[in-house]
Structures are given as C-alpha cells and as structure tokens.
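Have a look at entry.cif; it's mmCIF, C-alpha atoms:
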```
data_final
#
loop_
_atom_site.label_atom_id
_atom_site.label_comp_id
_atom_site.auth_asym_id
_atom_site.auth_seq_id
_atom_site.Cartn_x
_atom_site.Cartn_y
_atom_site.Cartn_z
CA MET A 1127 11.51 40.11 -81.79
CA PRO A 1128 11.74 38.30 -78.41
CA GLN A 1129 14.43 35.66 -78.06
CA ALA A 1130 13.48 31.99 -78.28
CA PRO A 1131 13.74 30.04 -74.98
CA GLN A 1132 16.85 28.17 -76.16
CA ASP A 1133 18.61 31.49 -76.82
CA GLN A 1134 17.89 32.51 -73.23
CA ILE A 1135 19.19 29.24 -71.72
CA ALA A 1136 22.19 28.21 -73.88
CA PRO A 1137 24.41 31.18 -72.84
CA LEU A 1138 23.89 30.22 -69.18
CA LEU A 1139 25.21 26.68 -69.68
CA THR A 1140 28.80 27.92 -69.85
CA PRO A 1141 31.26 28.69 -67.02
CA GLU A 1142 31.04 32.42 -67.76
CA GLY A 1143 27.25 32.43 -67.93
CA TRP A 1144 26.73 30.36 -64.78
CA GLU A 1145 29.23 32.43 -62.79
CA LEU A 1146 27.69 35.72 -63.94
CA LEU A 1147 24.18 34.54 -63.08
CA ALA A 1148 25.30 33.41 -59.62
CA SER A 1149 26.86 36.84 -58.98
CA LEU A 1150 23.58 38.73 -59.38
CA GLY A 1151 21.40 39.63 -56.42
CA PRO A 1152 17.58 39.66 -56.41
CA TYR A 1153 16.11 41.09 -59.60
CA GLN A 1154 15.00 44.73 -59.40
CA GLU A 1155 12.98 45.96 -62.35
CA ASP A 1156 13.77 49.62 -61.73
CA LYS A 1157 17.51 48.92 -61.87
CA SER A 1158 17.53 46.47 -64.78
CA PHE A 1159 18.48 49.05 -67.44
CA GLU A 1160 21.37 50.32 -65.34
CA LEU A 1161 22.57 46.75 -64.68
CA ASN A 1162 22.25 45.87 -68.35
CA SER A 1163 24.54 48.76 -69.28
CA ALA A 1164 27.05 47.93 -66.55
CA LEU A 1165 27.34 44.28 -67.60
CA ARG A 1166 27.87 45.21 -71.23
CA LYS A 1167 30.53 47.73 -70.29
CA ALA A 1168 32.23 44.95 -68.33
CA GLY A 1169 32.69 43.08 -71.63
CA HIS A 1170 29.84 40.56 -71.53
CA SER A 1171 28.04 39.92 -74.81
CA PRO A 1172 24.53 41.33 -75.34
CA ALA A 1173 23.16 37.77 -75.68
CA LEU A 1174 24.64 36.70 -72.34
CA VAL A 1175 23.50 39.86 -70.56
CA SER A 1176 19.97 39.39 -71.87
CA ALA A 1177 19.99 35.73 -70.77
CA VAL A 1178 21.22 36.37 -67.22
CA LEU A 1179 18.82 39.26 -66.65
CA THR A 1180 15.89 37.23 -67.95
CA GLN A 1181 16.84 34.30 -65.74
CA SER A 1182 17.34 36.59 -62.73
CA ARG A 1183 13.84 37.96 -63.25
CA LEU A 1184 12.35 34.46 -63.57
CA ARG A 1185 14.17 33.26 -60.45
CA THR A 1186 12.77 36.14 -58.42
CA LYS A 1187 9.28 35.44 -59.77
CA ALA A 1188 9.69 31.71 -59.04
CA GLU A 1189 10.34 32.26 -55.32
CA GLY A 1190 6.56 32.23 -54.77
CA LYS A 1191 6.49 28.60 -55.95
CA PHE A 1192 9.94 27.30 -55.04
CA GLY A 1193 11.14 29.46 -52.14
CA GLU A 1194 14.90 29.64 -51.70
CA PHE A 1195 15.41 26.71 -54.11
CA ALA A 1196 14.59 29.10 -56.97
CA ARG A 1197 17.96 30.82 -56.51
CA SER A 1198 19.85 27.85 -57.96
CA MET A 1199 17.33 26.66 -60.57
CA LEU A 1200 16.82 27.43 -64.25
CA PHE A 1201 13.44 28.46 -65.67
CA THR A 1202 11.64 29.26 -68.87
CA GLN A 1203 8.67 31.62 -68.85
CA ALA A 1204 6.22 28.99 -70.14
CA GLY A 1205 7.63 26.32 -67.82
CA LEU A 1206 7.30 28.51 -64.76
CA GLU A 1207 3.66 29.31 -65.56
CA GLN A 1208 2.76 25.61 -65.44
CA ALA A 1209 5.22 24.45 -62.77
CA THR A 1210 3.78 22.88 -59.64
CA ARG A 1211 4.36 24.75 -56.38
CA LEU A 1212 6.93 22.90 -54.31
CA ASN A 1213 4.62 22.42 -51.30
CA VAL A 1214 2.01 20.84 -53.59
CA ALA A 1215 4.61 18.70 -55.38
CA ALA A 1216 5.68 17.38 -51.96
CA ARG A 1217 2.14 16.10 -51.40
CA HIS A 1218 2.16 14.40 -54.79
CA ALA A 1219 5.43 12.68 -53.87
CA GLN A 1220 4.07 11.66 -50.49
CA ARG A 1221 1.30 9.71 -52.22
CA PHE A 1222 3.83 7.58 -54.09
CA ALA A 1223 6.05 7.16 -51.02
CA GLU A 1224 3.15 6.02 -48.81
CA ALA A 1225 2.08 3.54 -51.51
CA GLY A 1226 5.57 2.00 -51.46
CA ILE A 1227 6.38 3.00 -55.04
CA SER A 1228 10.13 2.73 -55.72
CA HIS A 1229 10.52 4.15 -59.23
CA VAL A 1230 8.39 6.90 -60.79
CA ALA A 1231 8.43 8.10 -64.37
CA ASP A 1232 7.66 11.82 -64.44
CA LEU A 1233 6.28 12.08 -67.98
CA GLY A 1234 6.35 15.64 -69.26
CA CYS A 1235 8.43 16.72 -66.29
CA GLY A 1236 8.74 20.36 -67.34
CA LEU A 1237 11.17 22.14 -65.04
CA ALA A 1238 11.17 19.08 -62.73
CA ALA A 1239 9.27 20.43 -59.72
CA ASP A 1240 7.56 17.09 -59.09
CA SER A 1241 10.75 15.17 -59.85
CA LEU A 1242 12.54 17.24 -57.21
CA ALA A 1243 9.94 16.31 -54.62
CA LEU A 1244 9.95 12.63 -55.59
CA ALA A 1245 13.75 12.37 -55.57
CA SER A 1246 13.94 14.09 -52.18
CA MET A 1247 11.86 11.19 -50.77
CA ASP A 1248 14.45 8.66 -52.02
CA ILE A 1249 12.24 7.53 -54.89
CA ASN A 1250 14.07 6.77 -58.13
CA VAL A 1251 12.91 9.16 -60.83
CA THR A 1252 13.04 9.05 -64.62
CA ALA A 1253 12.11 12.56 -65.72
CA VAL A 1254 11.01 12.72 -69.36
CA GLU A 1255 10.69 15.95 -71.31
CA MET A 1256 10.19 16.40 -75.06
CA ASP A 1257 11.28 20.05 -75.29
CA GLU A 1258 15.06 20.19 -75.47
CA THR A 1259 15.47 23.53 -73.71
CA THR A 1260 13.11 22.56 -70.88
CA ALA A 1261 14.91 19.21 -70.54
CA ALA A 1262 18.19 21.11 -70.16
CA CYS A 1263 16.66 23.19 -67.36
CA ALA A 1264 15.33 20.04 -65.67
CA THR A 1265 18.79 18.46 -65.84
CA VAL A 1266 20.32 21.44 -64.04
CA ASN A 1267 17.51 21.52 -61.48
CA LEU A 1268 18.02 17.82 -60.64
CA ILE A 1269 21.82 17.94 -60.33
CA PRO A 1270 21.71 17.48 -56.51
CA PHE A 1271 19.92 14.11 -56.84
CA SER A 1272 21.82 11.03 -58.04
CA ASN A 1273 18.57 9.03 -58.06
CA ALA A 1274 17.03 11.22 -60.78
CA THR A 1275 17.70 10.95 -64.51
CA VAL A 1276 16.43 13.25 -67.25
CA VAL A 1277 15.50 11.79 -70.63
CA HIS A 1278 14.94 14.03 -73.66
CA ALA A 1279 12.13 12.13 -75.40
CA ASP A 1280 8.42 11.94 -76.19
CA ALA A 1281 6.60 11.00 -72.98
CA THR A 1282 4.33 8.59 -74.84
CA ALA A 1283 7.24 6.61 -76.35
CA VAL A 1284 9.45 5.92 -73.32
CA PRO A 1285 9.68 2.27 -72.16
CA LEU A 1286 8.32 1.82 -68.62
CA ASP A 1287 9.90 -1.55 -67.84
CA GLY A 1288 10.69 -1.81 -64.12
CA ILE A 1289 8.79 1.40 -63.33
CA ASP A 1290 5.90 0.98 -60.89
CA GLY A 1291 4.63 4.56 -60.72
CA VAL A 1292 3.86 7.31 -63.23
CA TRP A 1293 3.26 11.01 -62.68
CA LEU A 1294 2.12 13.28 -65.51
CA ASP A 1295 1.69 17.02 -65.88
CA PRO A 1296 0.39 17.33 -69.45
CA ALA A 1297 1.10 20.51 -71.39
CA ARG A 1298 -2.13 22.48 -71.38
CA ARG A 1299 -0.81 25.51 -73.22
CA VAL A 1300 0.55 26.18 -76.68
CA THR A 1301 3.41 28.65 -77.04
CA SER A 1302 3.77 31.16 -79.84
CA THR A 1303 5.67 34.39 -80.44
CA SER A 1304 2.79 36.28 -78.78
CA GLY A 1305 2.92 34.20 -75.59
CA THR A 1306 1.03 31.14 -74.35
CA LYS A 1307 -2.59 30.13 -74.88
CA ARG A 1308 -4.54 27.68 -72.74
CA ILE A 1309 -6.01 24.48 -74.20
CA TRP A 1310 -9.29 23.20 -72.75
CA ASP A 1311 -9.85 19.84 -74.47
CA PRO A 1312 -8.19 17.03 -72.40
CA GLU A 1313 -7.57 15.07 -75.59
CA ALA A 1314 -5.58 18.00 -76.99
CA PHE A 1315 -3.22 17.98 -74.00
CA SER A 1316 0.28 16.60 -74.45
CA PRO A 1317 0.03 13.75 -73.57
CA PRO A 1318 -3.78 13.39 -73.81
CA LEU A 1319 -6.03 12.12 -71.02
CA SER A 1320 -6.67 8.87 -72.93
CA PHE A 1321 -2.95 8.08 -72.66
CA VAL A 1322 -3.14 8.60 -68.88
CA GLN A 1323 -6.06 6.18 -68.71
CA SER A 1324 -4.14 3.58 -70.72
CA LEU A 1325 -1.29 3.78 -68.19
CA ALA A 1326 -3.75 3.32 -65.33
CA ALA A 1327 -5.22 0.31 -67.10
CA SER A 1328 -1.76 -1.33 -66.88
CA GLY A 1329 -2.18 -1.43 -63.10
CA ARG A 1330 0.59 1.03 -62.31
CA ALA A 1331 0.17 3.74 -59.68
CA VAL A 1332 -0.71 6.80 -61.76
CA GLY A 1333 -1.25 10.44 -60.86
CA VAL A 1334 -1.92 13.31 -63.25
CA LYS A 1335 -2.20 17.06 -62.74
CA MET A 1336 -5.05 18.73 -64.63
CA GLY A 1337 -6.37 22.27 -64.76
CA PRO A 1338 -8.76 23.12 -61.89
CA GLY A 1339 -11.53 24.02 -64.31
CA MET A 1340 -11.85 20.41 -65.50
CA PRO A 1341 -15.58 19.60 -65.87
CA HIS A 1342 -16.90 16.81 -63.68
CA ASP A 1343 -18.10 14.83 -66.69
CA SER A 1344 -14.51 14.74 -68.00
CA VAL A 1345 -13.18 13.06 -64.83
CA PRO A 1346 -12.70 9.34 -65.62
CA ALA A 1347 -14.58 6.74 -63.62
CA GLY A 1348 -12.60 4.71 -61.11
CA CYS A 1349 -10.21 7.42 -59.97
CA GLU A 1350 -9.95 9.94 -57.14
CA ALA A 1351 -10.14 13.63 -58.05
CA GLN A 1352 -8.52 16.04 -55.58
CA TRP A 1353 -8.84 19.78 -56.10
CA VAL A 1354 -6.09 21.82 -54.41
CA SER A 1355 -6.11 25.46 -53.38
CA VAL A 1356 -3.12 27.40 -52.08
CA ALA A 1357 -3.84 30.60 -50.11
CA GLY A 1358 -7.28 30.75 -51.73
CA ASP A 1359 -6.05 30.18 -55.29
CA VAL A 1360 -7.25 26.88 -56.85
CA THR A 1361 -4.14 25.54 -58.57
CA GLU A 1362 -5.05 22.09 -59.90
CA VAL A 1363 -7.13 18.97 -59.80
CA ALA A 1364 -5.03 15.81 -59.45
CA LEU A 1365 -6.46 12.49 -60.62
CA TRP A 1366 -5.19 9.40 -58.77
CA PHE A 1367 -5.43 5.79 -59.94
CA ASN A 1368 -4.73 2.38 -58.42
CA ALA A 1369 -2.25 2.26 -55.50
CA VAL A 1370 -2.16 6.06 -55.06
CA GLN A 1371 -5.96 6.34 -54.98
CA ARG A 1372 -7.40 6.35 -51.47
CA PRO A 1373 -10.09 3.77 -50.73
CA GLY A 1374 -13.55 5.30 -50.41
CA VAL A 1375 -12.57 8.72 -51.81
CA ARG A 1376 -14.04 9.84 -55.12
CA ARG A 1377 -13.55 13.60 -54.78
CA ALA A 1378 -11.72 15.85 -52.37
CA ALA A 1379 -10.86 19.47 -51.64
CA LEU A 1380 -7.42 20.11 -50.15
CA VAL A 1381 -6.97 23.61 -48.73
CA LEU A 1382 -3.42 24.78 -48.02
CA GLY A 1383 -3.17 28.02 -46.05
CA PRO A 1384 -1.08 29.87 -43.48
CA GLU A 1385 -2.43 27.65 -40.69
CA GLY A 1386 -1.60 24.39 -42.49
CA ALA A 1387 -3.61 21.89 -44.51
CA ALA A 1388 -7.25 20.84 -44.26
CA GLU A 1389 -9.11 18.40 -46.46
CA LEU A 1390 -12.73 17.52 -47.12
CA THR A 1391 -13.51 14.25 -48.91
CA SER A 1392 -16.51 12.36 -50.25
CA GLY A 1393 -16.96 8.81 -51.46
CA GLU A 1394 -20.00 9.84 -53.50
CA ASP A 1395 -19.78 10.43 -57.23
CA PHE A 1396 -20.30 13.88 -58.73
CA GLY A 1397 -23.87 15.06 -58.40
CA ALA A 1398 -24.56 12.68 -55.53
CA GLY A 1399 -24.09 13.17 -51.80
CA PRO A 1400 -26.00 15.14 -49.19
CA ALA A 1401 -28.31 18.02 -50.02
CA ALA A 1402 -28.21 21.19 -47.95
CA PRO A 1403 -31.38 23.06 -47.01
CA VAL A 1404 -32.10 26.47 -48.52
CA GLY A 1405 -32.96 29.40 -46.27
CA ARG A 1406 -32.84 33.13 -45.78
CA VAL A 1407 -29.80 35.36 -45.45
CA GLU A 1408 -29.03 35.63 -41.73
CA GLY A 1409 -26.29 35.63 -39.13
CA TYR A 1410 -23.09 34.91 -41.03
CA LEU A 1411 -22.46 34.54 -44.74
CA TYR A 1412 -19.81 32.00 -45.76
CA GLU A 1413 -17.96 32.02 -49.07
CA PRO A 1414 -16.63 28.48 -49.70
CA ASP A 1415 -13.04 27.99 -50.82
CA GLY A 1416 -12.67 27.51 -54.57
CA ALA A 1417 -11.45 23.92 -54.16
CA VAL A 1418 -14.64 23.10 -52.21
CA ILE A 1419 -16.77 24.57 -54.98
CA ARG A 1420 -14.87 22.76 -57.75
CA ALA A 1421 -15.14 19.44 -55.91
CA GLY A 1422 -18.89 19.84 -55.49
CA LEU A 1423 -18.65 19.82 -51.70
CA VAL A 1424 -20.49 23.06 -50.87
CA ALA A 1425 -23.46 21.21 -49.36
CA ASP A 1426 -21.08 19.20 -47.16
CA VAL A 1427 -19.60 22.42 -45.77
CA ALA A 1428 -23.06 23.91 -45.20
CA LEU A 1429 -24.04 20.90 -43.12
CA GLN A 1430 -20.78 21.06 -41.16
CA LEU A 1431 -21.58 24.69 -40.30
CA GLY A 1432 -25.15 23.90 -39.31
CA GLY A 1433 -26.16 26.27 -42.07
CA HIS A 1434 -28.02 26.44 -45.36
CA LEU A 1435 -27.61 27.70 -48.91
CA VAL A 1436 -29.13 31.06 -49.80
CA ASP A 1437 -30.01 29.63 -53.23
CA GLU A 1438 -29.71 26.00 -54.32
CA HIS A 1439 -27.67 26.97 -57.39
CA ILE A 1440 -25.28 29.45 -55.77
CA ALA A 1441 -22.25 28.74 -53.56
CA TYR A 1442 -23.08 31.06 -50.66
CA ILE A 1443 -23.88 29.61 -47.24
CA CYS A 1444 -25.57 31.24 -44.26
CA ALA A 1445 -25.55 30.05 -40.66
CA PRO A 1446 -26.93 31.65 -37.50
CA GLN A 1447 -23.67 31.22 -35.58
CA LEU A 1448 -20.02 31.94 -36.36
CA VAL A 1449 -18.12 28.69 -36.83
CA ASP A 1450 -14.38 28.57 -37.52
CA THR A 1451 -13.69 26.57 -40.70
CA PRO A 1452 -10.77 26.35 -43.14
CA PHE A 1453 -13.21 25.60 -45.97
CA ALA A 1454 -14.98 28.97 -46.18
CA ARG A 1455 -14.46 32.64 -45.41
CA ALA A 1456 -16.97 34.15 -43.00
CA TYR A 1457 -18.71 37.54 -43.07
CA LYS A 1458 -21.16 38.97 -40.57
CA VAL A 1459 -24.42 39.94 -42.27
CA LEU A 1460 -25.36 43.55 -41.54
CA LYS A 1461 -28.34 43.99 -43.85
CA VAL A 1462 -29.93 42.76 -47.06
CA VAL A 1463 -31.48 45.09 -49.64
CA PRO A 1464 -32.85 44.64 -53.18
CA TYR A 1465 -30.26 45.35 -55.87
CA ASN A 1466 -30.91 48.92 -56.96
CA VAL A 1467 -28.09 51.20 -58.13
CA LYS A 1468 -29.82 54.42 -57.10
CA ALA A 1469 -30.56 53.12 -53.60
CA LEU A 1470 -27.02 51.75 -53.21
CA LYS A 1471 -25.53 55.06 -54.31
CA ALA A 1472 -27.60 56.86 -51.68
CA TRP A 1473 -26.47 54.33 -49.07
CA VAL A 1474 -22.79 54.86 -49.96
CA LYS A 1475 -23.18 58.62 -49.63
CA ALA A 1476 -25.17 58.46 -46.40
CA GLU A 1477 -22.67 56.11 -44.75
CA GLY A 1478 -19.62 58.10 -45.88
CA ILE A 1479 -18.08 55.11 -47.66
CA GLY A 1480 -14.87 55.70 -49.59
CA VAL A 1481 -13.45 52.16 -49.88
CA LEU A 1482 -15.85 49.60 -51.32
CA ASP A 1483 -15.09 45.89 -51.68
CA ILE A 1484 -17.59 44.24 -54.04
CA LYS A 1485 -18.02 40.47 -54.33
CA LYS A 1486 -20.48 38.69 -56.56
CA ARG A 1487 -21.83 35.28 -57.51
CA GLY A 1488 -24.80 34.28 -59.67
CA THR A 1489 -25.28 37.71 -61.22
CA ALA A 1490 -24.02 39.39 -64.37
CA VAL A 1491 -23.22 42.66 -62.60
CA THR A 1492 -19.63 43.79 -63.19
CA PRO A 1493 -18.11 44.97 -59.87
CA GLU A 1494 -15.76 47.46 -61.56
CA GLU A 1495 -18.58 49.15 -63.44
CA LEU A 1496 -20.86 49.23 -60.40
CA ARG A 1497 -18.08 50.74 -58.32
CA LYS A 1498 -17.68 53.57 -60.81
CA GLN A 1499 -21.37 54.30 -60.46
CA LEU A 1500 -21.37 54.16 -56.66
CA LEU A 1501 -18.03 55.90 -56.06
CA PRO A 1502 -17.41 58.26 -58.98
CA GLY A 1503 -13.91 59.70 -59.06
CA GLY A 1504 -12.34 56.95 -56.94
CA LYS A 1505 -9.21 55.06 -57.89
CA ASN A 1506 -9.62 51.34 -58.54
CA THR A 1507 -6.92 49.35 -56.75
CA GLY A 1508 -8.02 45.94 -58.09
CA GLY A 1509 -8.84 42.69 -56.35
CA LYS A 1510 -9.03 39.15 -57.72
CA ASN A 1511 -12.15 37.54 -56.29
CA ALA A 1512 -13.87 40.57 -54.90
CA GLY A 1513 -13.84 42.56 -58.11
CA GLY A 1514 -11.45 45.08 -56.58
CA LYS A 1515 -11.49 47.87 -54.02
CA ASN A 1516 -11.94 51.55 -54.59
CA ALA A 1517 -9.43 53.66 -52.70
CA GLY A 1518 -10.93 57.03 -53.54
CA LYS A 1519 -11.97 59.11 -50.54
CA LYS A 1520 -14.28 61.43 -52.43
CA GLY A 1521 -17.40 60.04 -50.81
CA GLY A 1522 -16.02 59.44 -47.34
CA ASN A 1523 -13.42 57.44 -45.44
CA LYS A 1524 -15.29 54.34 -44.28
CA THR A 1525 -14.72 50.83 -45.67
CA ALA A 1526 -17.60 48.55 -46.64
CA THR A 1527 -18.07 45.12 -48.22
CA LEU A 1528 -20.97 44.41 -50.54
CA VAL A 1529 -21.99 40.94 -51.75
CA LEU A 1530 -24.13 40.79 -54.89
CA THR A 1531 -26.05 37.60 -55.57
CA ARG A 1532 -29.34 36.12 -56.67
CA ILE A 1533 -31.98 34.46 -54.51
CA GLY A 1534 -34.43 32.74 -56.80
CA GLU A 1535 -35.35 35.36 -59.38
CA ASP A 1536 -34.42 38.29 -57.16
CA ARG A 1537 -31.12 40.13 -57.25
CA VAL A 1538 -29.97 41.29 -53.83
CA ALA A 1539 -27.14 43.24 -52.26
CA ILE A 1540 -25.88 42.02 -48.88
CA VAL A 1541 -23.90 44.38 -46.70
CA VAL A 1542 -21.40 42.32 -44.73
CA GLU A 1543 -18.43 42.73 -42.43
CA PRO A 1544 -15.41 40.39 -42.87
CA VAL A 1545 -14.71 38.28 -39.81
#
```
Can you turn what I pasted into structure tokens?
Amino acid sequence: MPQAPQDQIAPLLTPEGWELLASLGPYQEDKSFELNSALRKAGHSPALVSAVLTQSRLRTKAEGKFGEFARSMLFTQAGLEQATRLNVAARHAQRFAEAGISHVADLGCGLAADSLALASMDINVTAVEMDETTAACATVNLIPFSNATVVHADATAVPLDGIDGVWLDPARRVTSTSGTKRIWDPEAFSPPLSFVQSLAASGRAVGVKMGPGMPHDSVPAGCEAQWVSVAGDVTEVALWFNAVQRPGVRRAALVLGPEGAAELTSGEDFGAGPAAPVGRVEGYLYEPDGAVIRAGLVADVALQLGGHLVDEHIAYICAPQLVDTPFARAYKVLKVVPYNVKALKAWVKAEGIGVLDIKKRGTAVTPEELRKQLLPGGKNTGGKNAGGKNAGKKGGNKTATLVLTRIGEDRVAIVVEPV
C-alpha cells in the first residue's frame, strides 16, 4: 500500500531527514534501487529512505515548473500536479502589484507557488491551506520570505480584515488511494466558484485560477477571463475581478513561449465579436494556439492574418501568404485530397513515407489507428496534439505531415509542410 502524503513529509522535517535530502543529487530512476540499498546500509530507516527518494523524484519533476527553486522546496504528488508554473505565478502577482494591492490572502495556497511570487514582489501574503501536510510544505517553501505567513485553516473561514486582495486556486481534484481524479463542476471545487463571486462582491481585488476547459457559460459576468498557454500547453484560465480586471477586456489569450509573451484580447462577450470569412484550403494552413481557441478568438487571428476559416465550426485558418504570428502554427499546404484510406495508403507507398505526423480536428478519425493502416509494422513514438509520429522505416524514409479535418459535410486530408 502506498504511503500517505504525511508519511512522506514528516520524516523530512527533522535535522537528519533535511540533511539527507540536501545531500542527494538529481534523481535518477535507473539508480534508485541501488541508492535505496546504499542509504539503508548506511543506517537510515526504511521510512526516511522512502521519503527522501520520493521527494528527490518530485523535486526533479518539479524543475519544469519551478526551475532551480525546486531544489530547496517540498512537494506532494497531488500538490505538484496542480501547482502553478512559477513564470505564470509571476504574472498573477504582477496584476496585484500593478493594482497597488498591499496584502493578498492566497486561499487554498497549495504548495505556495503563487504566494512565492506575491511575496517576492514585496506584497504581504497570508497563505491559507486546509490540508495539514500541504500546509507544512508551504511553510518550508516560504521560509525565505518574512512577509509571508502560512495559516492551517479552511479557506472559507479565515477573517479577511485588512486584506485588500485575494487569490484562489481551488482544488479541482479528489485524492484517493488510486491517485487523483478531476472534478468538473465549479460548485464542487474547494472552495466553490460561488464563494469566489461572494469575495468579488465585497469589492476586493480577486483573482482565481480555473481549469482551461471551463465552459464559456460558466464564466461569471463582470470579470475578465484570461486563458494562458505555456509552450503550446494550455495551463489555466484565470478570472479577474475589480481592481485586477483590466478595463475593456472581457476575454484574453496569453501565449508564453521561447520568444517571450504575446497576448490577444477582446472587449466583446463570448459569442460576440468579429466573424471571419470562410474559404478554400490554400497557401498556408494555421493551427491556432489552444489559448486562442479556448478564449474564442480564432476569428480575430484569422483577420489578423488576412485569412479565412476552412469551416465556420473548425479552428483551422488558411491565408494566401505566410505571416509570422505567435498565436498560430503555420504549415505550407501541398495538396488537398478526399479522405480515403486506400488512396492515402497508396500515396504513402508511392512517396516512400516512413515517418507520418497526423493531426486532426472536427473528425472522429483516430490518428493512431489510421497510422497503423497507412504504415503497418511501424513503431509509434507518440505525440500529444498531432496524434503521434510513426518512426518505422518499412515504407520508406521520408517524413510527412497530414491534417485531417472536415469542410462542410466532406472529410478531407491535407498534406502540409511545417514552417
């Protein structure tokens, strides 16, 4: 039976545990068994060895979100899954700083990622966490900041006297012995969305992190909704009320990538705004960033590109010219053919294709299954948005990209070349 989170943290909160954890280098899965044996032979208890190895693994995993700061922090598995990336937390904190907020209550602070960012901007922070083990981790993580205090309490019951700003990251998962399970109903979050709205009604500056899949009809009126993507991965939608809400902005897409940040905003409500024309597949095909799609700003990007949608219900854009944009990935259109497995298989063989990247939108075709039909015997190497790549060379050694979509009632396959 796996150890409870408190059993994995308590042994570390001792001089021996902290010193042993600090002595370990980066976690290496292939050497974990050998290290486990060596630490036990050195006289450390099995419970402590298990705790330090688990924490070492979590710290290494957390570097993607926290960078070098992860090396001195404490984590739980569930807390790390929901923790805000540090570069995103910094943007949350910047909102409160620019609004002149002096004291923020971080309600449901988790591992204190947002509290870290707030405190680093000289904002006083009261970090509130109901789970005792997570609160202990947050306390350790905030040790460098004298202007941050951790309170082990229910986020909905903490007095907010003298506090002019509130940040919330409601728990959207339930934890059991088999792992964590996502909750979809905003009123089942802890705390629920209605509690967030009651805080906003008090006039305080309020921000809340929600899951990126939040439906538009669940977004409260009178707030700004900003979807955020990091390196192509949509991580959240943040709702902003009162002093931290920007005038004239109802919805926004913030794209954070290797070249920096770019943002697209609209003052129109969901379902309103400009309409993009619909036209044929030509020139260059653009796949909008996920944050753009979630924010309902695909038509805005199409107009920026001087392009059009290929179907009014599908988030693919075409434009005659190549335009550099941070809001969409571009592909050069090579040809368009009706979707037909037999014809596509003949095309793969004739072209000598051995590596096939398949993307899809607006069709029920499963890329993995189609790939098996087109490239039998190949090895699937996976791929998040594209449905994976096939590395088998049985049919040839060329690489190709195929986009499957629907135009009206017709299913089509578009052969493209990434730009």
* Given all atoms listed in the file as the counted atoms, nearest of A:Gly1488, A:Gly1190, A:Gly1416, A:Gly1422 to Asp1395 (chain A) -> A:Gly1422
* To do: Check which residues satisfy the PyMOL selection byres ((chain A and resi 1380) around 6) in the file shown, then give them as JSON, numbers by chain.
  => {"A": [1354, 1379, 1381, 1388, 1389]}
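Distance check against Gly1205 (chain A) using all atoms listed in the file: of A:Asn1368, A:Thr1260, A:Thr1527, A:Gln1181, the minimum falls on A:Thr1260.
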Select from region 1299-1347 of chain A every residue with an atom at most 10 Å from any atom of region 1228-1235 of chain A, then for each give the shortest pair of atoms and their distance in Å to one decimal, using only C-alpha atoms, rows by chain and rising number, as CSV.
```
residue,atom,partner,partner_atom,distance
A:Ser1316,CA,A:Gly1234,CA,8.0
A:Pro1317,CA,A:Gly1234,CA,7.9
A:Arg1330,CA,A:Val1230,CA,9.9
A:Ala1331,CA,A:Val1230,CA,8.9
A:Val1332,CA,A:Val1230,CA,9.2
A:Gly1333,CA,A:Asp1232,CA,9.7
A:Val1334,CA,A:Leu1233,CA,9.5
```
* Option closest in space to Val1370 (chain A), from A:Ala1326, A:Val1462, A:Ala1209, A:Ala1402 [counting all atoms listed in the file] -> A:Ala1326
Selected by the PyMOL selection byres ((chain A and resi 1162-1172) around 12) in the shown coordinates: which residues, as a CSV table (one decimal) with C-alpha atoms, in the frame of the given file?
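part38.csv, freshly written:
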```csv
chain,number,residue,atom,x,y,z
A,1129,GLN,CA,14.4,35.7,-78.1
A,1133,ASP,CA,18.6,31.5,-76.8
A,1134,GLN,CA,17.9,32.5,-73.2
A,1137,PRO,CA,24.4,31.2,-72.8
A,1138,LEU,CA,23.9,30.2,-69.2
A,1142,GLU,CA,31.0,32.4,-67.8
A,1143,GLY,CA,27.2,32.4,-67.9
A,1145,GLU,CA,29.2,32.4,-62.8
A,1146,LEU,CA,27.7,35.7,-63.9
A,1147,LEU,CA,24.2,34.5,-63.1
A,1149,SER,CA,26.9,36.8,-59.0
A,1150,LEU,CA,23.6,38.7,-59.4
A,1153,TYR,CA,16.1,41.1,-59.6
A,1154,GLN,CA,15.0,44.7,-59.4
A,1155,GLU,CA,13.0,46.0,-62.4
A,1156,ASP,CA,13.8,49.6,-61.7
A,1157,LYS,CA,17.5,48.9,-61.9
A,1158,SER,CA,17.5,46.5,-64.8
A,1159,PHE,CA,18.5,49.0,-67.4
A,1160,GLU,CA,21.4,50.3,-65.3
A,1161,LEU,CA,22.6,46.8,-64.7
A,1173,ALA,CA,23.2,37.8,-75.7
A,1174,LEU,CA,24.6,36.7,-72.3
A,1175,VAL,CA,23.5,39.9,-70.6
A,1176,SER,CA,20.0,39.4,-71.9
A,1177,ALA,CA,20.0,35.7,-70.8
A,1178,VAL,CA,21.2,36.4,-67.2
A,1179,LEU,CA,18.8,39.3,-66.6
A,1180,THR,CA,15.9,37.2,-68.0
A,1182,SER,CA,17.3,36.6,-62.7
```
* Explicit residue set for the PyMOL selection byres ((chain A and resi 1489) around 9), as number ranges by chain -> A: 1486-1488, 1490-1492, 1530-1532, 1537
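For the set A:Glu1408, A:Asp1437, A:Asp1415, A:Glu1258, the residue with the smallest atom-to-atom gap to Lys1458 (chain A) is A:Glu1408, counting only C-alpha atoms.
Using only C-alpha atoms, the smallest distance between any of A:Cys1444, A:Ile1135, A:Ala1417, A:Ala1188 and Leu1429 (chain A) comes from A:Cys1444.
Note that the spacing between CA of Ala1428 (chain A) and CA of His1218 (chain A) amounts to 28.6 Å.
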* **Distance query region 1307-1315 of chain A at most 12 Å, only C-alpha atoms, self and fewer than 4 positions along chain excluded, as a PyMOL selection string** => chain A and resi 1204+1207-1208+1234+1294-1303+1319-1323+1334-1341+1343-1346
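Interatomic distance, CA of Asn1267 (chain A) against CA of Phe1195 (chain A): 9.3 Å.
From CA of Leu1268 (chain A) back to CA of Trp1366 (chain A), the distance works out to 24.8 Å.
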* To do: Compare A:Leu1184, A:Ala1216, A:Leu1448, A:Ala1369 by their minimum atom-to-atom distance to Gln1203 (chain A), counting only C-alpha atoms, and give me the closest one.
  => A:Leu1184
